[in-house]
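These notes are about the structure you will find just below.
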Amino acid sequence: MLVATAALLLVAGGLLALGFSIRSDASELRSETAPELEQLQAQIEIQRRDLLELEQLRRRAARVGTSFTALVAAIRAQVDASTHAAKAADFVGDLYNSGDGDGAHRALESRVMASALDDLDAKARQVSRAVERARGASKTLQAVGSD
């Protein structure tokens, strides 16, 4: 029994020495890897900031895309209004050229012609507003690129 106790004490002492050795190695390893860990953390922080900037850039680019889509729609509406006004003007011209000056005058004074011209004017204002929104969205996108 004495031999078994001595053997267990010897094993316990060996395990204790092994534990101190492992702890010492872990401490050395921790101190050796600390600079690399700091560098990794700094790189992670840079990537996190870059991802935030990229997300901001994507949102602004989406706004630019939306504003240009609205601009194209406004231009199409203006083209349609221009076509309608041109057809109305052609009708007046046809009346005048056929010798119906009174009919041409009445057509010029009609609500159809006034409506066509009002619609064309409204569409032109819509295009102007859409241009300003697209210009503003483009400037915010350019501002991100210049930061």
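The chains in the structure tokens are called A, B, ... from first to last as shown; in each chain the residues are counted from 1, and the ligands are counted from 1 in the order shown.
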Task: Contacts of segment 61-77 of chain A at 12 Å (only C-alpha atoms; same-chain gap of 2+ positions) as a ChimeraX atom specification - done: /A:54-59,79-84,119-145
Task: Proximity to Val112 of chain A - best of A:Ala88, A:Ala42, A:Leu37, A:Leu95, only C-alpha atoms - done: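 Closest candidate: A:Ala88.
Between Gln78 of chain A and the candidates A:Leu117, A:Ala17, A:Val92, A:Ile46, the tightest atom-to-atom separation, counting only C-alpha atoms, involves A:Leu117.
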Task: Straight-line distance linking atom CA of Glu32 of chain A with atom CA of Gly14 of chain A, stated in Å to one decimal - done: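 Answer for the atom CA of Glu32 of chain A to atom CA of Gly14 of chain A separation: 26.7 Å.
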Open item on the list: As an exercise, work out the distance from atom CA of Leu2 of chain A to atom CA of Leu15 of chain A in Å and give it to one decimal place.
Closed with: 19.8 Å
